[in-house]
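Structure below is query-v8.cif: mmCIF, C-alpha atoms; chains and numbers go by the auth columns.
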data_run
#
loop_
_atom_site.group_PDB
_atom_site.id
_atom_site.type_symbol
_atom_site.label_atom_id
_atom_site.label_comp_id
_atom_site.label_asym_id
_atom_site.label_seq_id
_atom_site.Cartn_x
_atom_site.Cartn_y
_atom_site.Cartn_z
_atom_site.B_iso_or_equiv
_atom_site.auth_seq_id
_atom_site.auth_asym_id
ATOM 1 C CA MET A 1 4.946 -4.247 -16.417 0.00 13 A
ATOM 2 C CA ARG A 2 5.086 -0.511 -15.928 0.00 14 A
ATOM 3 C CA LYS A 3 6.706 0.602 -12.701 0.00 15 A
ATOM 4 C CA THR A 4 6.435 3.804 -10.710 0.00 16 A
ATOM 5 C CA MET A 5 8.505 2.807 -7.724 0.00 17 A
ATOM 6 C CA LEU A 6 11.426 1.764 -9.895 0.00 18 A
ATOM 7 C CA LEU A 7 11.568 5.115 -11.609 0.00 19 A
ATOM 8 C CA LEU A 8 11.128 7.443 -8.679 0.00 20 A
ATOM 9 C CA PRO A 9 14.213 6.394 -6.710 0.00 21 A
ATOM 10 C CA LEU A 10 16.295 7.317 -9.760 0.00 22 A
ATOM 11 C CA LEU A 11 14.910 10.836 -9.893 0.00 23 A
ATOM 12 C CA GLY A 12 14.722 12.473 -6.489 0.00 24 A
ATOM 13 C CA VAL A 13 18.216 12.796 -5.085 0.00 25 A
ATOM 14 C CA ALA A 14 19.887 12.243 -8.453 0.00 26 A
ATOM 15 C CA ALA A 15 18.635 15.658 -9.448 0.00 27 A
ATOM 16 C CA ALA A 16 20.801 17.160 -6.721 0.00 28 A
ATOM 17 C CA GLY A 17 23.810 16.442 -8.851 0.00 29 A
ATOM 18 C CA VAL A 18 22.455 18.442 -11.785 0.00 30 A
ATOM 19 C CA GLN A 19 20.938 21.507 -10.140 0.00 31 A
ATOM 20 C CA ALA A 20 21.407 24.532 -12.386 0.00 32 A
ATOM 21 C CA GLU A 21 22.429 27.892 -11.071 0.00 33 A
ATOM 22 C CA GLU A 22 19.998 30.745 -11.579 0.00 34 A
ATOM 23 C CA ASN A 23 19.688 31.718 -15.269 0.00 35 A
ATOM 24 C CA GLU A 24 21.932 28.782 -16.265 0.00 36 A
ATOM 25 C CA SER A 25 20.972 25.523 -17.924 0.00 37 A
ATOM 26 C CA SER A 26 21.991 22.014 -16.969 0.00 38 A
ATOM 27 C CA PHE A 27 21.622 18.838 -18.984 0.00 39 A
ATOM 28 C CA ALA A 28 22.361 15.266 -17.924 0.00 40 A
ATOM 29 C CA LEU A 29 21.920 11.758 -19.296 0.00 41 A
ATOM 30 C CA GLY A 30 22.274 8.467 -17.505 0.00 42 A
ATOM 31 C CA ILE A 31 21.363 4.823 -17.262 0.00 43 A
ATOM 32 C CA GLY A 32 20.053 2.993 -14.238 0.00 44 A
ATOM 33 C CA VAL A 33 19.240 -0.561 -13.180 0.00 45 A
ATOM 34 C CA ALA A 34 16.406 -1.123 -10.729 0.00 46 A
ATOM 35 C CA SER A 35 14.772 -4.123 -9.114 0.00 47 A
ATOM 36 C CA GLU A 36 11.427 -4.207 -7.307 0.00 48 A
ATOM 37 C CA ASP A 37 9.186 -6.760 -5.645 0.00 49 A
ATOM 38 C CA SER A 38 5.776 -6.374 -7.310 0.00 50 A
ATOM 39 C CA ILE A 39 2.714 -6.590 -5.076 0.00 51 A
ATOM 40 C CA TYR A 40 0.623 -8.088 -7.896 0.00 52 A
ATOM 41 C CA LYS A 41 0.010 -11.832 -7.636 0.00 53 A
ATOM 42 C CA GLY A 42 2.363 -14.042 -9.566 0.00 54 A
ATOM 43 C CA VAL A 43 4.614 -11.250 -10.855 0.00 55 A
ATOM 44 C CA GLY A 44 7.487 -11.548 -8.384 0.00 56 A
ATOM 45 C CA THR A 45 10.666 -9.490 -8.568 0.00 57 A
ATOM 46 C CA GLU A 46 11.203 -7.403 -11.679 0.00 58 A
ATOM 47 C CA THR A 47 14.541 -6.003 -12.816 0.00 59 A
ATOM 48 C CA GLU A 48 15.149 -3.704 -15.751 0.00 60 A
ATOM 49 C CA ALA A 49 17.450 -1.019 -17.134 0.00 61 A
ATOM 50 C CA LEU A 50 16.025 2.488 -17.100 0.00 62 A
ATOM 51 C CA PRO A 51 17.220 5.607 -18.945 0.00 63 A
ATOM 52 C CA PHE A 52 17.621 8.868 -17.027 0.00 64 A
ATOM 53 C CA PHE A 53 17.202 12.353 -18.482 0.00 65 A
ATOM 54 C CA SER A 54 17.425 15.692 -16.705 0.00 66 A
ATOM 55 C CA TYR A 55 17.268 19.266 -17.965 0.00 67 A
ATOM 56 C CA GLU A 56 17.013 22.501 -16.006 0.00 68 A
ATOM 57 C CA ASN A 57 16.904 26.082 -17.226 0.00 69 A
ATOM 58 C CA GLY A 58 16.056 28.679 -14.621 0.00 70 A
ATOM 59 C CA SER A 59 12.654 27.778 -13.174 0.00 71 A
ATOM 60 C CA PHE A 60 11.898 25.124 -15.799 0.00 72 A
ATOM 61 C CA TYR A 61 12.907 21.496 -15.379 0.00 73 A
ATOM 62 C CA ILE A 62 12.491 18.040 -16.873 0.00 74 A
ATOM 63 C CA GLN A 63 13.389 15.013 -14.777 0.00 75 A
ATOM 64 C CA GLY A 64 12.501 11.640 -16.237 0.00 76 A
ATOM 65 C CA PRO A 65 8.715 11.373 -16.663 0.00 77 A
ATOM 66 C CA GLU A 66 8.064 14.756 -15.002 0.00 78 A
ATOM 67 C CA ALA A 67 8.329 18.342 -16.234 0.00 79 A
ATOM 68 C CA GLY A 68 7.510 21.500 -14.349 0.00 80 A
ATOM 69 C CA TYR A 69 7.849 25.243 -13.954 0.00 81 A
ATOM 70 C CA TYR A 70 8.317 27.060 -10.647 0.00 82 A
ATOM 71 C CA ILE A 71 6.039 30.078 -10.429 0.00 83 A
ATOM 72 C CA ILE A 72 7.696 31.065 -7.160 0.00 84 A
ATOM 73 C CA ASP A 73 11.371 30.121 -7.044 0.00 85 A
ATOM 74 C CA ASN A 74 13.168 31.514 -3.996 0.00 86 A
ATOM 75 C CA ASP A 75 16.256 30.038 -2.377 0.00 87 A
ATOM 76 C CA ASP A 76 14.289 28.030 0.189 0.00 88 A
ATOM 77 C CA PHE A 77 10.672 28.077 -1.003 0.00 89 A
ATOM 78 C CA LYS A 78 9.219 26.961 -4.340 0.00 90 A
ATOM 79 C CA ILE A 79 5.742 26.609 -5.822 0.00 91 A
ATOM 80 C CA GLY A 80 5.223 25.284 -9.313 0.00 92 A
ATOM 81 C CA ALA A 81 3.031 23.536 -11.870 0.00 93 A
ATOM 82 C CA LEU A 82 3.918 20.079 -13.140 0.00 94 A
ATOM 83 C CA ALA A 83 3.052 17.515 -15.783 0.00 95 A
ATOM 84 C CA ARG A 84 4.041 13.887 -15.340 0.00 96 A
ATOM 85 C CA TYR A 85 3.433 10.402 -16.651 0.00 97 A
ATOM 86 C CA ARG A 86 2.350 7.813 -14.087 0.00 98 A
ATOM 87 C CA THR A 87 3.971 4.532 -15.025 0.00 99 A
ATOM 88 C CA ASP A 88 1.721 2.242 -12.952 0.00 100 A
ATOM 89 C CA GLY A 89 -0.212 -0.547 -14.635 0.00 101 A
ATOM 90 C CA TYR A 90 0.011 -4.079 -15.955 0.00 102 A
ATOM 91 C CA LYS A 91 -0.912 -6.426 -18.789 0.00 103 A
ATOM 92 C CA ALA A 92 -2.724 -9.735 -18.438 0.00 104 A
ATOM 93 C CA SER A 93 0.400 -11.445 -19.765 0.00 105 A
ATOM 94 C CA ASP A 94 2.477 -10.256 -16.793 0.00 106 A
ATOM 95 C CA SER A 95 1.225 -13.134 -14.648 0.00 107 A
ATOM 96 C CA SER A 96 -1.049 -16.170 -14.876 0.00 108 A
ATOM 97 C CA ASP A 97 -2.963 -14.657 -11.937 0.00 109 A
ATOM 98 C CA LEU A 98 -3.736 -11.619 -14.109 0.00 110 A
ATOM 99 C CA LYS A 99 -4.968 -13.646 -17.092 0.00 111 A
ATOM 100 C CA GLY A 100 -8.319 -12.308 -18.246 0.00 112 A
ATOM 101 C CA MET A 101 -7.793 -8.860 -16.720 0.00 113 A
ATOM 102 C CA ASP A 102 -8.087 -5.800 -18.935 0.00 114 A
ATOM 103 C CA GLU A 103 -4.851 -3.880 -19.393 0.00 115 A
ATOM 104 C CA ARG A 104 -4.271 -1.071 -16.909 0.00 116 A
ATOM 105 C CA LYS A 105 -2.340 1.724 -18.598 0.00 117 A
ATOM 106 C CA GLY A 106 -0.182 4.587 -17.387 0.00 118 A
ATOM 107 C CA ALA A 107 -1.683 8.075 -17.158 0.00 119 A
ATOM 108 C CA PHE A 108 -0.749 11.655 -17.997 0.00 120 A
ATOM 109 C CA GLU A 109 -1.251 13.855 -14.937 0.00 121 A
ATOM 110 C CA LEU A 110 -1.212 17.580 -14.181 0.00 122 A
ATOM 111 C CA GLY A 111 -0.718 19.150 -10.793 0.00 123 A
ATOM 112 C CA ILE A 112 0.962 21.593 -8.453 0.00 124 A
ATOM 113 C CA THR A 113 3.955 21.175 -6.175 0.00 125 A
ATOM 114 C CA ALA A 114 5.580 23.110 -3.349 0.00 126 A
ATOM 115 C CA SER A 115 8.776 22.625 -1.362 0.00 127 A
ATOM 116 C CA TYR A 116 10.430 24.309 1.605 0.00 128 A
ATOM 117 C CA ASP A 117 14.112 23.781 2.415 0.00 129 A
ATOM 118 C CA THR A 118 15.012 24.008 6.115 0.00 130 A
ATOM 119 C CA ASP A 119 17.901 23.060 8.387 0.00 131 A
ATOM 120 C CA TYR A 120 15.982 19.848 9.099 0.00 132 A
ATOM 121 C CA GLY A 121 15.590 18.861 5.460 0.00 133 A
ATOM 122 C CA GLU A 122 13.452 19.665 2.447 0.00 134 A
ATOM 123 C CA TRP A 123 9.701 19.287 2.913 0.00 135 A
ATOM 124 C CA SER A 124 7.432 18.957 -0.104 0.00 136 A
ATOM 125 C CA ALA A 125 3.771 18.633 -1.055 0.00 137 A
ATOM 126 C CA THR A 126 2.370 17.599 -4.433 0.00 138 A
ATOM 127 C CA PHE A 127 -1.121 17.245 -5.838 0.00 139 A
ATOM 128 C CA ALA A 128 -1.634 15.589 -9.227 0.00 140 A
ATOM 129 C CA ALA A 129 -4.778 14.524 -11.089 0.00 141 A
ATOM 130 C CA ASP A 130 -5.364 12.435 -14.186 0.00 142 A
ATOM 131 C CA ALA A 131 -5.643 14.521 -17.361 0.00 143 A
ATOM 132 C CA SER A 132 -5.801 11.578 -19.780 0.00 144 A
ATOM 133 C CA SER A 133 -9.044 9.916 -18.576 0.00 145 A
ATOM 134 C CA GLU A 134 -7.275 6.677 -17.658 0.00 146 A
ATOM 135 C CA HIS A 135 -7.686 6.265 -13.881 0.00 147 A
ATOM 136 C CA GLU A 136 -9.608 9.583 -13.477 0.00 148 A
ATOM 137 C CA GLY A 137 -8.298 9.940 -9.937 0.00 149 A
ATOM 138 C CA ASN A 138 -5.790 12.021 -8.007 0.00 150 A
ATOM 139 C CA GLU A 139 -3.008 11.779 -5.457 0.00 151 A
ATOM 140 C CA ILE A 140 -1.720 14.015 -2.664 0.00 152 A
ATOM 141 C CA GLU A 141 1.844 13.341 -1.533 0.00 153 A
ATOM 142 C CA LEU A 142 3.863 14.786 1.349 0.00 154 A
ATOM 143 C CA GLY A 143 7.603 14.158 1.340 0.00 155 A
ATOM 144 C CA TRP A 144 10.819 14.821 3.230 0.00 156 A
ATOM 145 C CA GLU A 145 14.506 14.323 2.434 0.00 157 A
ATOM 146 C CA LYS A 146 17.817 15.568 3.780 0.00 158 A
ATOM 147 C CA SER A 147 21.290 15.153 2.323 0.00 159 A
ATOM 148 C CA PHE A 148 24.244 14.525 4.658 0.00 160 A
ATOM 149 C CA PRO A 149 27.750 15.040 3.189 0.00 161 A
ATOM 150 C CA VAL A 150 30.047 12.218 4.275 0.00 162 A
ATOM 151 C CA SER A 151 33.172 13.357 2.443 0.00 163 A
ATOM 152 C CA ALA A 152 34.159 15.535 -0.497 0.00 164 A
ATOM 153 C CA LYS A 153 32.731 12.932 -2.883 0.00 165 A
ATOM 154 C CA TRP A 154 30.144 10.991 -0.866 0.00 166 A
ATOM 155 C CA SER A 155 26.735 12.029 0.479 0.00 167 A
ATOM 156 C CA VAL A 156 23.880 10.054 2.035 0.00 168 A
ATOM 157 C CA THR A 157 20.216 11.025 1.798 0.00 169 A
ATOM 158 C CA PRO A 158 17.360 9.487 3.811 0.00 170 A
ATOM 159 C CA GLU A 159 13.859 10.234 2.533 0.00 171 A
ATOM 160 C CA ALA A 160 10.244 9.497 3.439 0.00 172 A
ATOM 161 C CA SER A 161 6.829 10.135 1.942 0.00 173 A
ATOM 162 C CA VAL A 162 3.143 9.508 2.523 0.00 174 A
ATOM 163 C CA SER A 163 0.601 9.686 -0.274 0.00 175 A
ATOM 164 C CA TYR A 164 -3.190 9.654 -0.255 0.00 176 A
ATOM 165 C CA ARG A 165 -4.594 8.055 -3.406 0.00 177 A
ATOM 166 C CA SER A 166 -8.220 8.586 -4.403 0.00 178 A
ATOM 167 C CA ASP A 167 -10.745 5.774 -4.847 0.00 179 A
ATOM 168 C CA ASP A 168 -10.773 6.166 -8.644 0.00 180 A
ATOM 169 C CA LEU A 169 -6.994 5.810 -8.839 0.00 181 A
ATOM 170 C CA ASN A 170 -6.862 2.790 -6.530 0.00 182 A
ATOM 171 C CA ASN A 171 -9.828 1.073 -8.138 0.00 183 A
ATOM 172 C CA TYR A 172 -8.371 1.434 -11.626 0.00 184 A
ATOM 173 C CA TYR A 173 -5.050 -0.195 -10.737 0.00 185 A
ATOM 174 C CA TYR A 174 -6.183 -2.644 -8.030 0.00 186 A
ATOM 175 C CA GLY A 175 -9.901 -3.185 -8.573 0.00 187 A
ATOM 176 C CA VAL A 176 -11.400 -6.241 -10.261 0.00 188 A
ATOM 177 C CA LYS A 177 -14.500 -5.719 -12.401 0.00 189 A
ATOM 178 C CA ALA A 178 -17.342 -8.248 -12.360 0.00 190 A
ATOM 179 C CA SER A 179 -16.457 -9.195 -15.933 0.00 191 A
ATOM 180 C CA GLU A 180 -12.880 -9.977 -14.796 0.00 192 A
ATOM 181 C CA ALA A 181 -13.847 -12.110 -11.784 0.00 193 A
ATOM 182 C CA THR A 182 -13.165 -15.855 -11.757 0.00 194 A
ATOM 183 C CA VAL A 183 -13.468 -18.699 -9.261 0.00 195 A
ATOM 184 C CA ASN A 184 -10.027 -17.773 -7.919 0.00 196 A
ATOM 185 C CA ARG A 185 -10.313 -13.995 -8.391 0.00 197 A
ATOM 186 C CA ALA A 186 -13.162 -12.216 -6.643 0.00 198 A
ATOM 187 C CA ALA A 187 -14.631 -8.970 -7.932 0.00 199 A
ATOM 188 C CA TYR A 188 -13.213 -6.100 -5.913 0.00 200 A
ATOM 189 C CA THR A 189 -13.763 -2.356 -5.591 0.00 201 A
ATOM 190 C CA ALA A 190 -10.945 -0.389 -3.975 0.00 202 A
ATOM 191 C CA ASP A 191 -11.558 2.797 -1.991 0.00 203 A
ATOM 192 C CA ALA A 192 -9.171 5.670 -1.263 0.00 204 A
ATOM 193 C CA ASP A 193 -6.160 4.796 0.886 0.00 205 A
ATOM 194 C CA THR A 194 -2.659 5.768 1.969 0.00 206 A
ATOM 195 C CA VAL A 195 0.755 4.559 0.824 0.00 207 A
ATOM 196 C CA TYR A 196 3.915 5.055 2.912 0.00 208 A
ATOM 197 C CA GLU A 197 7.502 4.929 1.683 0.00 209 A
ATOM 198 C CA ILE A 198 10.914 5.258 3.296 0.00 210 A
ATOM 199 C CA GLY A 199 14.252 5.090 1.528 0.00 211 A
ATOM 200 C CA ILE A 200 17.925 5.905 1.623 0.00 212 A
ATOM 201 C CA SER A 201 20.445 6.657 -1.098 0.00 213 A
ATOM 202 C CA ALA A 202 24.165 7.288 -1.399 0.00 214 A
ATOM 203 C CA MET A 203 25.708 9.453 -4.104 0.00 215 A
ATOM 204 C CA TYR A 204 29.324 9.352 -5.251 0.00 216 A
ATOM 205 C CA GLN A 205 30.594 12.318 -7.272 0.00 217 A
ATOM 206 C CA ILE A 206 33.261 10.903 -9.601 0.00 218 A
ATOM 207 C CA ASP A 207 34.149 14.304 -11.031 0.00 219 A
ATOM 208 C CA GLN A 208 32.395 17.499 -12.171 0.00 220 A
ATOM 209 C CA GLN A 209 30.515 15.626 -14.896 0.00 221 A
ATOM 210 C CA GLN A 210 29.968 12.123 -13.543 0.00 222 A
ATOM 211 C CA MET A 211 28.176 10.610 -10.578 0.00 223 A
ATOM 212 C CA ILE A 212 26.915 7.259 -9.312 0.00 224 A
ATOM 213 C CA ARG A 213 23.936 6.791 -7.050 0.00 225 A
ATOM 214 C CA VAL A 214 22.673 3.702 -5.229 0.00 226 A
ATOM 215 C CA GLY A 215 19.330 3.608 -3.450 0.00 227 A
ATOM 216 C CA ALA A 216 16.895 1.370 -1.611 0.00 228 A
ATOM 217 C CA SER A 217 13.294 1.906 -0.554 0.00 229 A
ATOM 218 C CA TYR A 218 10.489 0.184 1.339 0.00 230 A
ATOM 219 C CA THR A 219 6.832 0.830 0.514 0.00 231 A
ATOM 220 C CA SER A 220 3.789 -0.064 2.614 0.00 232 A
ATOM 221 C CA TYR A 221 0.307 -0.133 1.055 0.00 233 A
ATOM 222 C CA GLY A 222 -3.009 0.400 2.833 0.00 234 A
ATOM 223 C CA ASP A 223 -5.689 -2.269 3.207 0.00 235 A
ATOM 224 C CA GLU A 224 -7.769 -0.967 0.290 0.00 236 A
ATOM 225 C CA ILE A 225 -4.899 -1.941 -2.007 0.00 237 A
ATOM 226 C CA ALA A 226 -3.616 -4.986 -0.107 0.00 238 A
ATOM 227 C CA ASP A 227 -7.077 -6.622 0.131 0.00 239 A
ATOM 228 C CA SER A 228 -7.515 -6.746 -3.645 0.00 240 A
ATOM 229 C CA SER A 229 -7.845 -10.240 -5.121 0.00 241 A
ATOM 230 C CA ILE A 230 -4.999 -9.472 -7.576 0.00 242 A
ATOM 231 C CA VAL A 231 -2.597 -8.291 -4.835 0.00 243 A
ATOM 232 C CA GLU A 232 -0.562 -10.746 -2.756 0.00 244 A
ATOM 233 C CA ASP A 233 1.396 -8.450 -0.411 0.00 245 A
ATOM 234 C CA ASP A 234 0.966 -5.135 1.402 0.00 246 A
ATOM 235 C CA LYS A 235 4.612 -4.126 1.045 0.00 247 A
ATOM 236 C CA SER A 236 7.407 -4.022 -1.497 0.00 248 A
ATOM 237 C CA THR A 237 11.103 -3.212 -1.615 0.00 249 A
ATOM 238 C CA SER A 238 13.216 -1.810 -4.412 0.00 250 A
ATOM 239 C CA VAL A 239 16.903 -1.174 -5.061 0.00 251 A
ATOM 240 C CA SER A 240 18.473 0.921 -7.791 0.00 252 A
ATOM 241 C CA LEU A 241 21.817 1.899 -9.276 0.00 253 A
ATOM 242 C CA LEU A 242 22.268 4.984 -11.462 0.00 254 A
ATOM 243 C CA TYR A 243 25.164 6.350 -13.497 0.00 255 A
ATOM 244 C CA MET A 244 24.767 9.935 -14.743 0.00 256 A
ATOM 245 C CA TYR A 245 26.832 12.231 -16.914 0.00 257 A
ATOM 246 C CA ARG A 246 26.342 15.988 -16.817 0.00 258 A
ATOM 247 C CA PHE A 247 27.067 17.955 -19.998 0.00 259 A
#

Before we go any further, please render this structure as structure tokens.
Amino acid sequence: MRKTMLLLPLLGVAAAGVQAEENESSFALGIGVASEDSIYKGVGTETEALPFFSYENGSFYIQGPEAGYYIIDNDDFKIGALARYRTDGYKASDSSDLKGMDERKGAFELGITASYDTDYGEWSATFAADASSEHEGNEIELGWEKSFPVSAKWSVTPEASVSYRSDDLNNYYYGVKASEATVNRAAYTADADTVYEIGISAMYQIDQQQMIRVGASYTSYGDEIADSSIVEDDKSTSVSLLYMYRF
């Protein structure tokens, strides 16, 4: 099964270890292991190894499934355009409870993002919409994170986000069409709703080139998602471990 929440914890704070100075480039490769409790019925906990890739050159960046360019790139304030691949979705073979469901695929999205770094943390806002005609929806996300140095090598970063997902997006991934309904799976149409997430990570800088990051997050889904006949829980947790090498 494709996973968004397993990928994202590997990207956010990990990028802090590979930030490029102005007019300089930075390139990093890594491997991570992540485990998440799926909210889909019958799927359970999924664990897999995930590659990590990061590249930055001035105002341009690539981090995992997202690439972007900052149109405004000041020390504290940034506005940019982004392209990303949403890794949500499932196959009918992922669970006996999903048998007979059409495959829900990932989606290529385009959007805009802005961030503002303050003494109280970095605040961000992102809007992204489907450009591949898969879910044909959009998402608005507001986020916050702040890194606290613990020692010369250790830092801890709490983070939180809230996202508003459109009805088209939710219905594609959590809706059940009439043709997919069974005696044990009612037809369902999902409306727009909100998803909340909190997390914390710790980063250990081995040396100038190497780092290790561990993270954990908790996600809460709104009723429009949780009430679906293919969803068994309104919350999920995930943990991740990442090793990264900077060239």

Counting all atoms listed in the file, which residues of segment 158-212 of chain A sit at most 10 Å from some atom of segment 93-110 of chain A, and what is each one's closest atom pair with its distance in Å to one decimal, listed by chain and rising residue number, as a Markdown table?
| residue | atom | partner | partner_atom | distance |
| --- | --- | --- | --- | --- |
| A:Tyr184 | CA | A:Gly101 | CA | 8.9 |
| A:Tyr185 | CA | A:Gly101 | CA | 6.2 |
| A:Tyr186 | CA | A:Gly101 | CA | 9.1 |
| A:Glu192 | CA | A:Leu110 | CA | 9.3 |
| A:Asn196 | CA | A:Asp109 | CA | 8.7 |
| A:Arg197 | CA | A:Asp109 | CA | 8.2 |

Explicit residues for the PyMOL selection byres ((chain A and resi 78) around 10) (as a tab-separated table (two decimals) with C-alpha atoms, in the coordinates of the input):
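Saved the output as selection.tsv:
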chain	number	residue	atom	x	y	z
A	23	LEU	CA	14.91	10.84	-9.89
A	66	SER	CA	17.42	15.69	-16.70
A	73	TYR	CA	12.91	21.50	-15.38
A	74	ILE	CA	12.49	18.04	-16.87
A	75	GLN	CA	13.39	15.01	-14.78
A	76	GLY	CA	12.50	11.64	-16.24
A	77	PRO	CA	8.72	11.37	-16.66
A	79	ALA	CA	8.33	18.34	-16.23
A	80	GLY	CA	7.51	21.50	-14.35
A	94	LEU	CA	3.92	20.08	-13.14
A	95	ALA	CA	3.05	17.52	-15.78
A	96	ARG	CA	4.04	13.89	-15.34
A	97	TYR	CA	3.43	10.40	-16.65
A	98	ARG	CA	2.35	7.81	-14.09
A	120	PHE	CA	-0.75	11.66	-18.00
A	121	GLU	CA	-1.25	13.86	-14.94
A	122	LEU	CA	-1.21	17.58	-14.18

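Atom CA of Arg225 of chain A is found 20.1 Å from atom CA of Asp49 of chain A.
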
Which residues of segment 95-148 of chain A have any atom within 12 Å of an atom in segment 187-191 of chain A when counting all atoms listed in the file, and what is the closest pair of atoms for each, with the distance in Å to one decimal? Order the rows by chain and rising number and write it as CSV.
residue,atom,partner,partner_atom,distance
A:Gly101,CA,A:Gly187,CA,11.7
A:Leu110,CA,A:Val188,CA,10.1
A:Lys111,CA,A:Val188,CA,12.0
A:Gly112,CA,A:Ser191,CA,9.0
A:Met113,CA,A:Val188,CA,7.8
A:Asp114,CA,A:Lys189,CA,9.2
A:Glu115,CA,A:Val188,CA,11.5
A:Arg116,CA,A:Gly187,CA,10.3
A:His147,CA,A:Gly187,CA,11.1

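Closest approach to Val174 of chain A among A:Ile210, A:Val162, A:Ala198, A:Ala141 is made by A:Ile210 (distances from all atoms listed in the file).
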
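Residues surrounding Lys165 of chain A within 6 Å are Ser163, Tyr216 and Gln217 of chain A [only C-alpha atoms; sequence separation below 2 positions excluded].
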
Residues returned when the PyMOL selection byres ((chain A and resi 137) around 8) runs on this file, as a CSV table (one decimal) with C-alpha atoms, in the coordinates of the input:
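Output file out18.csv follows:
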chain,number,residue,atom,x,y,z
A,125,THR,CA,4.0,21.2,-6.2
A,126,ALA,CA,5.6,23.1,-3.3
A,127,SER,CA,8.8,22.6,-1.4
A,135,TRP,CA,9.7,19.3,2.9
A,136,SER,CA,7.4,19.0,-0.1
A,138,THR,CA,2.4,17.6,-4.4
A,139,PHE,CA,-1.1,17.2,-5.8
A,152,ILE,CA,-1.7,14.0,-2.7
A,153,GLU,CA,1.8,13.3,-1.5
A,154,LEU,CA,3.9,14.8,1.3
A,155,GLY,CA,7.6,14.2,1.3

Once the PyMOL selection byres ((chain A and resi 207) around 9) has been applied to the shown file, what residues remain in the selection, as a ChimeraX atom specification? /A:173-177,205-206,208-209,231-234

Once you add 5 Å to each side, what are the centre and edge lengths of the axis-aligned box holding all listed atoms of segment 173-181 of chain A? One decimal in Å, as lines of an AutoDock Vina configuration file, if you can.
center_x = -2.0
center_y = 8.0
center_z = -3.2
size_x = 27.6
size_y = 14.4
size_z = 21.4

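Atom CA of Ala140 of chain A sits 23.4 Å away from atom CA of Ser250 of chain A.
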
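Counting all atoms listed in the file and comparing A:Ser50, A:Ser248, A:Ser213, A:Asn183, the residue that lies closest to Thr201 of chain A is A:Asn183.
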
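Atom CA of Asp246 of chain A sits 17.2 Å away from atom CA of Asp179 of chain A.
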
Find the spatial neighbours of Asn86 of chain A, counting only C-alpha atoms, within a cut-off of 12 Å - ignore same-chain residues fewer than 3 positions away - and output them as a ChimeraX atom specification. /A:34,70-71,82-83,89-92,126-129

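Each of A:Ala119, A:Val195, A:Val251, A:Ile242 was compared to Val55 of chain A using only C-alpha atoms, and A:Ile242 turns out to be the nearest.
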